[in-house]
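Source file: work_7.cif. Holds: mmCIF, C-alpha atoms.
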```cif
data_start
loop_
_atom_site.label_atom_id
_atom_site.label_comp_id
_atom_site.auth_asym_id
_atom_site.auth_seq_id
_atom_site.Cartn_x
_atom_site.Cartn_y
_atom_site.Cartn_z
CA MET Z 23 23.70 57.80 16.70
CA THR Z 24 21.93 56.23 13.77
CA GLN Z 25 24.30 54.84 11.18
CA ILE Z 26 23.40 54.89 7.51
CA ILE Z 27 24.94 53.79 4.23
CA THR Z 28 24.64 56.22 1.32
CA VAL Z 29 26.04 56.56 -2.17
CA ALA Z 30 25.53 60.03 -3.65
CA LYS Z 31 25.35 60.95 -7.30
CA SER Z 32 28.27 62.74 -8.95
CA THR Z 33 28.63 66.36 -7.81
CA LYS Z 34 26.51 65.72 -4.68
CA ASN Z 35 28.04 65.75 -1.21
CA VAL Z 36 27.19 62.51 0.53
CA LEU Z 37 27.72 64.12 3.92
CA THR Z 38 25.40 67.07 3.45
CA ALA Z 39 22.84 66.13 0.78
CA THR Z 40 19.34 65.57 2.13
CA ASP Z 41 17.26 65.14 -1.05
CA PRO Z 42 16.66 61.39 -1.70
CA ASN Z 43 16.97 62.14 -5.43
CA ASP Z 44 20.61 63.05 -4.89
CA PHE Z 45 21.49 59.48 -3.87
CA LEU Z 46 22.11 56.32 -5.88
CA PHE Z 47 21.52 54.36 -2.70
CA HIS Z 48 20.39 55.40 0.73
CA SER Z 49 19.80 52.88 3.48
CA SER Z 50 16.99 54.98 4.96
CA TYR Z 51 14.88 54.37 1.84
CA ASN Z 52 13.56 51.10 0.54
CA THR Z 53 14.64 49.80 -2.88
CA PHE Z 54 12.40 48.07 -5.40
CA LYS Z 55 13.60 44.49 -5.18
CA ILE Z 56 12.92 42.17 -8.10
CA ILE Z 57 11.80 39.07 -6.25
CA VAL Z 58 10.94 36.97 -9.29
CA THR Z 59 11.31 37.57 -13.01
CA GLY Z 60 10.81 35.32 -16.00
CA THR Z 61 9.51 34.98 -19.51
CA ARG Z 62 6.43 33.24 -20.81
CA GLU Z 63 5.37 32.44 -24.36
CA ILE Z 64 1.65 32.49 -25.07
CA THR Z 65 -0.49 31.98 -28.15
CA LEU Z 66 -3.38 34.36 -28.70
CA LEU Z 67 -6.41 32.85 -30.34
CA GLY Z 68 -7.52 34.69 -33.46
CA SER Z 69 -10.33 37.27 -33.21
CA THR Z 70 -10.91 36.67 -29.51
CA ASN Z 71 -11.00 39.19 -26.70
CA ASN Z 72 -10.49 38.78 -22.96
CA GLN Z 73 -7.97 35.93 -23.12
CA ASN Z 74 -6.43 35.04 -19.75
CA PHE Z 75 -3.08 33.33 -19.23
CA THR Z 76 -1.74 32.34 -15.82
CA GLN Z 77 1.79 31.93 -14.58
CA ALA Z 78 2.54 30.54 -11.11
CA HIS Z 79 4.80 32.91 -9.16
CA GLY Z 80 5.69 30.52 -6.34
CA LEU Z 81 5.65 33.23 -3.67
CA SER Z 82 4.01 33.18 -0.26
CA PHE Z 83 2.46 36.60 -0.78
CA VAL Z 84 0.54 38.51 -3.46
CA PRO Z 85 3.22 40.36 -5.43
CA LEU Z 86 3.16 43.71 -7.17
CA VAL Z 87 3.62 42.78 -10.83
CA THR Z 88 4.48 44.39 -14.13
CA ALA Z 89 5.22 43.02 -17.58
CA TYR Z 90 6.07 43.78 -21.19
CA ALA Z 91 5.06 41.93 -24.35
CA LYS Z 92 6.64 41.31 -27.75
CA GLU Z 93 4.75 39.87 -30.67
CA SER Z 94 6.62 37.38 -32.83
CA GLY Z 95 7.69 38.93 -36.13
CA TYR Z 96 7.77 42.50 -34.83
CA SER Z 97 10.68 44.51 -33.46
CA GLN Z 98 8.91 46.49 -30.74
CA VAL Z 99 7.86 45.79 -27.17
CA PHE Z 100 4.59 47.10 -25.75
CA ALA Z 101 3.32 47.57 -22.22
CA GLN Z 102 0.16 46.61 -20.40
CA ASN Z 103 -2.91 48.70 -21.19
CA SER Z 104 -1.69 49.21 -24.77
CA GLU Z 105 -1.85 47.82 -28.25
CA ASN Z 106 1.00 46.72 -30.47
CA ILE Z 107 1.47 49.85 -32.60
CA TRP Z 108 3.39 49.26 -35.82
CA LEU Z 109 2.55 52.38 -37.83
CA TRP Z 110 1.03 55.77 -37.21
CA GLY Z 111 0.26 59.02 -39.01
CA PRO Z 112 -0.86 62.44 -37.72
CA LYS Z 113 -4.17 62.17 -39.54
CA ALA Z 114 -4.34 58.42 -39.97
CA GLY Z 115 -3.96 57.51 -36.29
CA TYR Z 116 -2.45 54.28 -34.97
CA PHE Z 117 -2.22 51.07 -36.93
CA THR Z 118 -1.93 48.06 -34.67
CA THR Z 119 -1.39 44.39 -35.25
CA GLY Z 120 -4.61 43.61 -33.38
CA ALA Z 121 -2.85 42.44 -30.22
CA LYS Z 122 -3.74 44.35 -27.06
CA PHE Z 123 -2.19 43.71 -23.64
CA ASN Z 124 -5.12 44.71 -21.44
CA TYR Z 125 -3.66 44.17 -18.00
CA ILE Z 126 -1.54 42.12 -15.64
CA THR Z 127 -2.63 41.25 -12.14
CA SER Z 128 -1.77 38.73 -9.45
CA ASP Z 129 -3.32 36.65 -6.70
CA SER Z 130 -1.85 34.46 -4.00
CA THR Z 131 -0.85 31.80 -6.55
CA ASN Z 132 -0.63 33.22 -10.04
CA ILE Z 133 0.24 36.13 -12.26
CA ILE Z 134 -2.59 36.69 -14.74
CA PHE Z 135 -2.05 38.24 -18.17
CA ASN Z 136 -5.09 39.42 -20.12
CA PHE Z 137 -5.07 40.10 -23.87
CA ASP Z 138 -7.42 40.96 -26.72
CA ASN Z 139 -6.72 39.94 -30.28
CA SER Z 140 -8.73 41.32 -33.18
CA SER Z 141 -6.65 39.65 -35.86
CA SER Z 142 -5.20 36.22 -36.65
CA GLU Z 143 -3.53 33.86 -34.13
CA LYS Z 144 -0.35 35.34 -32.64
CA THR Z 145 2.63 34.25 -30.59
CA ILE Z 146 3.55 36.64 -27.77
CA ASP Z 147 6.60 36.57 -25.51
CA ILE Z 148 6.12 38.19 -22.10
CA ARG Z 149 8.73 39.38 -19.59
CA TYR Z 150 7.19 39.60 -16.15
CA TYR Z 151 8.46 40.96 -12.83
CA CYS Z 152 7.26 40.40 -9.26
CA LEU Z 153 8.28 43.42 -7.19
CA GLU Z 154 7.62 42.64 -3.54
CA SER Z 155 4.28 42.33 -1.80
CA ILE Z 156 1.32 44.59 -2.45
CA MET C 15 28.86 29.74 2.84
CA THR C 16 27.31 32.29 0.54
CA ASN C 17 28.11 35.88 1.42
CA LYS C 18 25.43 38.49 1.00
CA ILE C 19 24.61 42.06 1.94
CA ILE C 20 21.33 42.72 3.72
CA ILE C 21 20.14 46.03 5.13
CA THR C 22 16.92 45.62 7.05
CA LYS C 23 14.30 48.13 8.01
CA ASP C 24 14.26 49.39 11.57
CA THR C 25 13.43 46.73 14.19
CA TYR C 26 14.30 43.78 11.90
CA ASN C 27 17.36 41.61 12.40
CA ALA C 28 19.53 41.34 9.29
CA LEU C 29 21.02 38.09 10.55
CA THR C 30 17.76 36.22 10.97
CA ASP C 31 15.01 37.91 8.95
CA THR C 32 14.36 36.26 5.57
CA ASN C 33 11.35 38.26 4.36
CA PRO C 34 12.45 40.68 1.58
CA LYS C 35 9.56 42.95 2.54
CA ASN C 36 11.50 43.78 5.70
CA HIS C 37 14.70 44.60 3.84
CA ILE C 38 15.87 47.92 2.45
CA PHE C 39 18.46 46.09 0.36
CA ASN C 40 19.15 42.42 -0.17
CA SER C 41 21.87 41.24 -2.54
CA ASP C 42 19.83 38.12 -3.34
CA TYR C 43 17.40 40.24 -5.32
CA GLY C 44 17.95 42.39 -8.38
CA THR C 45 17.07 46.07 -8.53
CA LEU C 46 16.28 48.48 -11.33
CA LYS C 47 19.43 50.13 -12.65
CA TYR C 48 18.82 53.66 -13.72
CA LEU C 49 20.01 54.85 -17.14
CA THR C 50 18.28 58.15 -17.68
CA LYS C 51 15.23 60.28 -16.98
CA GLY C 52 13.76 62.86 -19.30
CA THR C 53 10.77 64.79 -20.48
CA ALA C 54 9.06 65.07 -23.85
CA THR C 55 6.02 66.85 -25.23
CA ILE C 56 3.62 65.97 -28.02
CA THR C 57 1.30 68.69 -29.29
CA ILE C 58 -1.63 67.84 -31.53
CA GLU C 59 -3.39 70.63 -33.40
CA GLY C 60 -6.99 69.56 -33.70
CA GLY C 61 -7.67 72.62 -35.87
CA LYS C 62 -5.53 71.08 -38.61
CA SER C 63 -7.46 67.83 -38.40
CA TYR C 64 -4.50 66.14 -36.75
CA TYR C 65 -5.30 63.77 -33.97
CA THR C 66 -2.19 61.67 -33.47
CA GLY C 67 1.37 62.59 -32.54
CA SER C 68 4.62 60.82 -31.77
CA THR C 69 8.14 61.53 -30.63
CA SER C 70 11.16 59.32 -30.19
CA ILE C 71 13.86 59.16 -27.53
CA THR C 72 17.11 57.44 -28.43
CA HIS C 73 18.69 55.13 -25.85
CA ASP C 74 20.91 53.01 -28.16
CA LEU C 75 21.22 50.20 -25.60
CA GLY C 76 20.98 47.52 -28.28
CA TYR C 77 18.31 45.63 -26.34
CA TYR C 78 14.78 46.22 -25.01
CA PRO C 79 15.13 48.08 -21.69
CA PHE C 80 12.74 48.28 -18.75
CA VAL C 81 11.01 51.67 -18.87
CA GLU C 82 8.46 53.64 -16.89
CA VAL C 83 6.47 56.45 -18.51
CA PHE C 84 4.05 58.98 -17.03
CA CYS C 85 1.89 61.48 -18.90
CA ILE C 86 -0.31 64.49 -18.31
CA MET C 87 -2.76 65.76 -20.94
CA TYR C 88 -4.20 69.28 -21.09
CA ILE C 89 -5.62 71.91 -23.40
CA GLY C 90 -4.22 75.38 -22.83
CA THR C 91 -2.57 75.94 -19.46
CA PRO C 92 -0.96 72.89 -17.86
CA SER C 93 -3.32 71.33 -15.34
CA GLY C 94 -4.11 67.98 -13.79
CA ASN C 95 -1.75 65.30 -12.60
CA TYR C 96 0.65 62.86 -14.18
CA GLU C 97 -0.66 59.33 -14.52
CA PRO C 98 0.95 56.09 -15.66
CA CYS C 99 1.27 55.71 -19.42
CA PRO C 100 -0.28 54.00 -21.39
CA PHE C 101 -3.62 55.47 -20.42
CA VAL C 102 -6.98 56.32 -21.97
CA GLY C 103 -9.31 59.07 -20.76
CA SER C 104 -12.49 60.64 -22.03
CA GLY C 105 -14.56 63.79 -22.02
CA THR C 106 -18.10 64.45 -23.17
CA THR C 107 -17.41 64.05 -26.88
CA VAL C 108 -13.79 62.95 -27.13
CA GLN C 109 -11.55 60.16 -25.99
CA TYR C 110 -7.81 60.62 -25.60
CA GLY C 111 -4.80 58.61 -24.59
CA SER C 112 -1.09 58.08 -24.71
CA SER C 113 1.03 55.03 -25.28
CA TYR C 114 4.59 53.96 -25.98
CA ARG C 115 6.64 51.22 -27.51
CA ILE C 116 10.21 50.15 -26.96
CA THR C 117 12.72 49.19 -29.62
CA THR C 118 16.36 48.20 -29.17
CA THR C 119 17.43 51.79 -29.90
CA THR C 120 14.49 54.03 -28.99
CA LEU C 121 11.55 54.72 -26.74
CA GLN C 122 8.71 55.92 -28.94
CA LEU C 123 5.92 57.93 -27.34
CA TYR C 124 2.46 58.32 -28.84
CA ALA C 125 -0.54 60.51 -28.11
CA GLN C 126 -3.95 60.60 -29.70
CA PHE C 127 -7.46 61.93 -29.30
CA TYR C 128 -10.61 60.57 -30.91
CA GLY C 129 -13.55 62.76 -31.80
CA VAL C 130 -13.99 66.26 -33.17
CA SER C 131 -11.88 69.02 -31.61
CA SER C 132 -10.33 72.24 -32.91
CA SER C 133 -8.23 72.65 -29.77
CA THR C 134 -4.51 72.19 -29.39
CA TRP C 135 -3.88 69.17 -27.18
CA THR C 136 -0.68 68.90 -25.22
CA PHE C 137 0.71 65.67 -23.77
CA ASP C 138 3.69 66.08 -21.44
CA PHE C 139 5.68 62.94 -20.69
CA ILE C 140 8.21 62.01 -18.03
CA TYR C 141 10.12 58.85 -18.83
CA PHE C 142 12.56 56.68 -16.94
CA ILE C 143 14.78 54.26 -18.85
CA PHE C 144 16.54 51.56 -16.88
CA LYS C 145 19.50 49.43 -17.93
CA ASN C 146 17.61 46.25 -17.09
CA ASN C 147 17.35 44.12 -20.23
CA LEU C 148 13.88 42.68 -20.83
CA GLY C 149 15.50 39.83 -22.72
CA LEU C 150 12.72 39.68 -25.30
#
```
Representation of the structure as structure tokens:
Amino acid sequence: MTQIITVAKSTKNVLTATDPNDFLFHSSYNTFKIIVTGTREITLLGSTNNQNFTQAHGLSFVPLVTAYAKESGYSQVFAQNSENIWLWGPKAGYFTTGAKFNYITSDSTNIIFNFDNSSSEKTIDIRYYCLESI
Amino acid sequence: MTNKIIITKDTYNALTDTNPKNHIFNSDYGTLKYLTKGTATITIEGGKSYYTGSTSITHDLGYYPFVEVFCIMYIGTPSGNYEPCPFVGSGTTVQYGSSYRITTTTLQLYAQFYGVSSSTWTFDFIYFIFKNNLGL
């Protein structure tokens, strides 16, 4: 008999439920483990696109990575593949600060953050996560 | 001695295996803690010369949480597949996309198309908000 450890959500019967979405934890299904996380402060050059910044991850494998960015002086966080939106209107569209977090990627040594900046020099704080091997 | 809980995948030995890739759960590593999941829709009426929309979801955590957002865009009847947000797509004469930003109290979703269109554009979102604090 295979033994498992499960924790079901409220109102779900741990002994009879079979839908993985009914469980908070189920030992038959992998969990997303946060292997490494950290923050990094970078300075974006003014009016310069395609700026790369590297951060050593210290792992023996190429990790799956994700990250979020916050521009100094603003109260919102933005994700990769997006700009720092600070205003919008239904006919006016987005107004951004000029900072764009193009992408995050990784190799066997580093996490690489790529940004555009169409405005003046900016300070950006990044929270990054390494979530297991690709 | 440090005590820990490790549940390995089939065929791996929890007492000797140190590779987290082989573990279902390992108390040495953090996990995403789920707060809530929800859906939201932004409709943009191109016929009124609107081309941007937004909606806000309140989380009131008091800090910037880890989030995941997915979006599907369509005109008329729902079609296509959800894809990770933010995203940008394009047609023959228009470009469209969705995005989001996180504050300490809300998740704000955005949708936009660029170009000339008299259609009504619908962006359906599924969002996941986790309790994990980004610490930014």
Any chance you could tabulate, as a Markdown table, the residues of chain Z at most 9 Å from chain C with each one's nearest atom pair and distance in Å to one decimal, using all atoms listed in the file, in chain and rising number order?
```
| residue | atom | partner | partner_atom | distance |
| --- | --- | --- | --- | --- |
| Z:Leu46 | CA | C:Tyr48 | CA | 8.9 |
| Z:His48 | CA | C:Ile38 | CA | 8.9 |
| Z:Ser49 | CA | C:Ile38 | CA | 6.4 |
| Z:Ser50 | CA | C:Ile38 | CA | 7.6 |
| Z:Tyr51 | CA | C:Ile38 | CA | 6.6 |
| Z:Asn52 | CA | C:Ile38 | CA | 4.4 |
| Z:Thr53 | CA | C:Ile38 | CA | 5.8 |
| Z:Phe54 | CA | C:Thr45 | CA | 6.0 |
| Z:Lys55 | CA | C:Thr45 | CA | 5.1 |
| Z:Ile56 | CA | C:Gly44 | CA | 5.0 |
| Z:Ile57 | CA | C:Tyr43 | CA | 5.8 |
| Z:Val58 | CA | C:Tyr43 | CA | 8.3 |
| Z:Thr61 | CA | C:Leu150 | CA | 8.1 |
| Z:Tyr90 | CA | C:Leu148 | CA | 7.9 |
| Z:Ala91 | CA | C:Leu150 | CA | 8.0 |
| Z:Lys92 | CA | C:Leu150 | CA | 6.8 |
| Z:Ser97 | CA | C:Thr117 | CA | 6.4 |
| Z:Gln98 | CA | C:Thr117 | CA | 4.8 |
| Z:Val99 | CA | C:Ile116 | CA | 5.0 |
| Z:Phe100 | CA | C:Arg115 | CA | 4.9 |
| Z:Ala101 | CA | C:Arg115 | CA | 7.2 |
| Z:Gln102 | CA | C:Pro100 | CA | 7.5 |
| Z:Asn103 | CA | C:Pro100 | CA | 5.9 |
| Z:Ser104 | CA | C:Pro100 | CA | 6.0 |
| Z:Glu105 | CA | C:Ser113 | CA | 8.3 |
| Z:Asn106 | CA | C:Arg115 | CA | 7.8 |
| Z:Ile107 | CA | C:Arg115 | CA | 7.4 |
| Z:Trp110 | CA | C:Thr66 | CA | 7.7 |
| Z:Gly111 | CA | C:Thr66 | CA | 6.6 |
| Z:Pro112 | CA | C:Thr66 | CA | 4.5 |
| Z:Lys113 | CA | C:Tyr64 | CA | 4.9 |
| Z:Ala114 | CA | C:Thr66 | CA | 7.6 |
| Z:Gly115 | CA | C:Thr66 | CA | 5.3 |
| Z:Tyr116 | CA | C:Thr66 | CA | 7.5 |
| Z:Asp147 | CA | C:Leu150 | CA | 6.9 |
| Z:Ile148 | CA | C:Leu150 | CA | 7.5 |
| Z:Arg149 | CA | C:Leu148 | CA | 6.2 |
| Z:Tyr150 | CA | C:Leu148 | CA | 8.7 |
| Z:Glu154 | CA | C:Lys35 | CA | 6.4 |
| Z:Ser155 | CA | C:Lys35 | CA | 6.9 |
```
Exercise. Provide the atom CA of Gln73 of chain Z to atom CA of Thr127 of chain Z distance in Å, to one decimal place.
Key: 13.3 Å
Self-check item: Spatial neighbours of Ser141 of chain Z, max dist 6 Å, all atoms listed in the file, sep filter under 5 positions, as an MDAnalysis selection string
Solution: chainID Z and resid 68:69 120
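Reported to one decimal place, the separation of atom CA of Gly61 of chain C from atom CA of Thr134 of chain C is 7.2 Å.
Here atom CA of Ser70 of chain C is placed at a distance of 19.6 Å from atom CA of Tyr110 of chain C.
Using the PyMOL selection byres ((chain Z and resi 28) around 6) on the file at hand returns these residues: Ile27, Val29, Phe47 and His48 of chain Z.
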Exercise. Apply the PyMOL selection byres ((chain Z and resi 145) around 8) to the displayed file and report the matching residues as a ChimeraX atom specification.
Key: /Z:63-66,93-94,143-144,146-147
Keeping only C-alpha atoms, write those residues as a compact mmCIF listing (two decimals), in the coordinates of the input.
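To be explicit, this is the file written out as out_2.txt:
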```
# COMPACT_ATOMS: atom_id res chain seq x y z
CA GLU Z 63 5.37 32.44 -24.36
CA ILE Z 64 1.65 32.49 -25.07
CA THR Z 65 -0.49 31.98 -28.15
CA LEU Z 66 -3.38 34.36 -28.70
CA GLU Z 93 4.75 39.87 -30.67
CA SER Z 94 6.62 37.38 -32.83
CA GLU Z 143 -3.53 33.86 -34.13
CA LYS Z 144 -0.35 35.34 -32.64
CA ILE Z 146 3.55 36.64 -27.77
CA ASP Z 147 6.60 36.57 -25.51
```
Quiz item: Do you know which residues are at most 9 Å from Pro98 of chain C counting all atoms listed in the file, after dropping those on the same chain fewer than 5 positions away, and could you put them as a ChimeraX atom specification?
Solution: /C:82-86
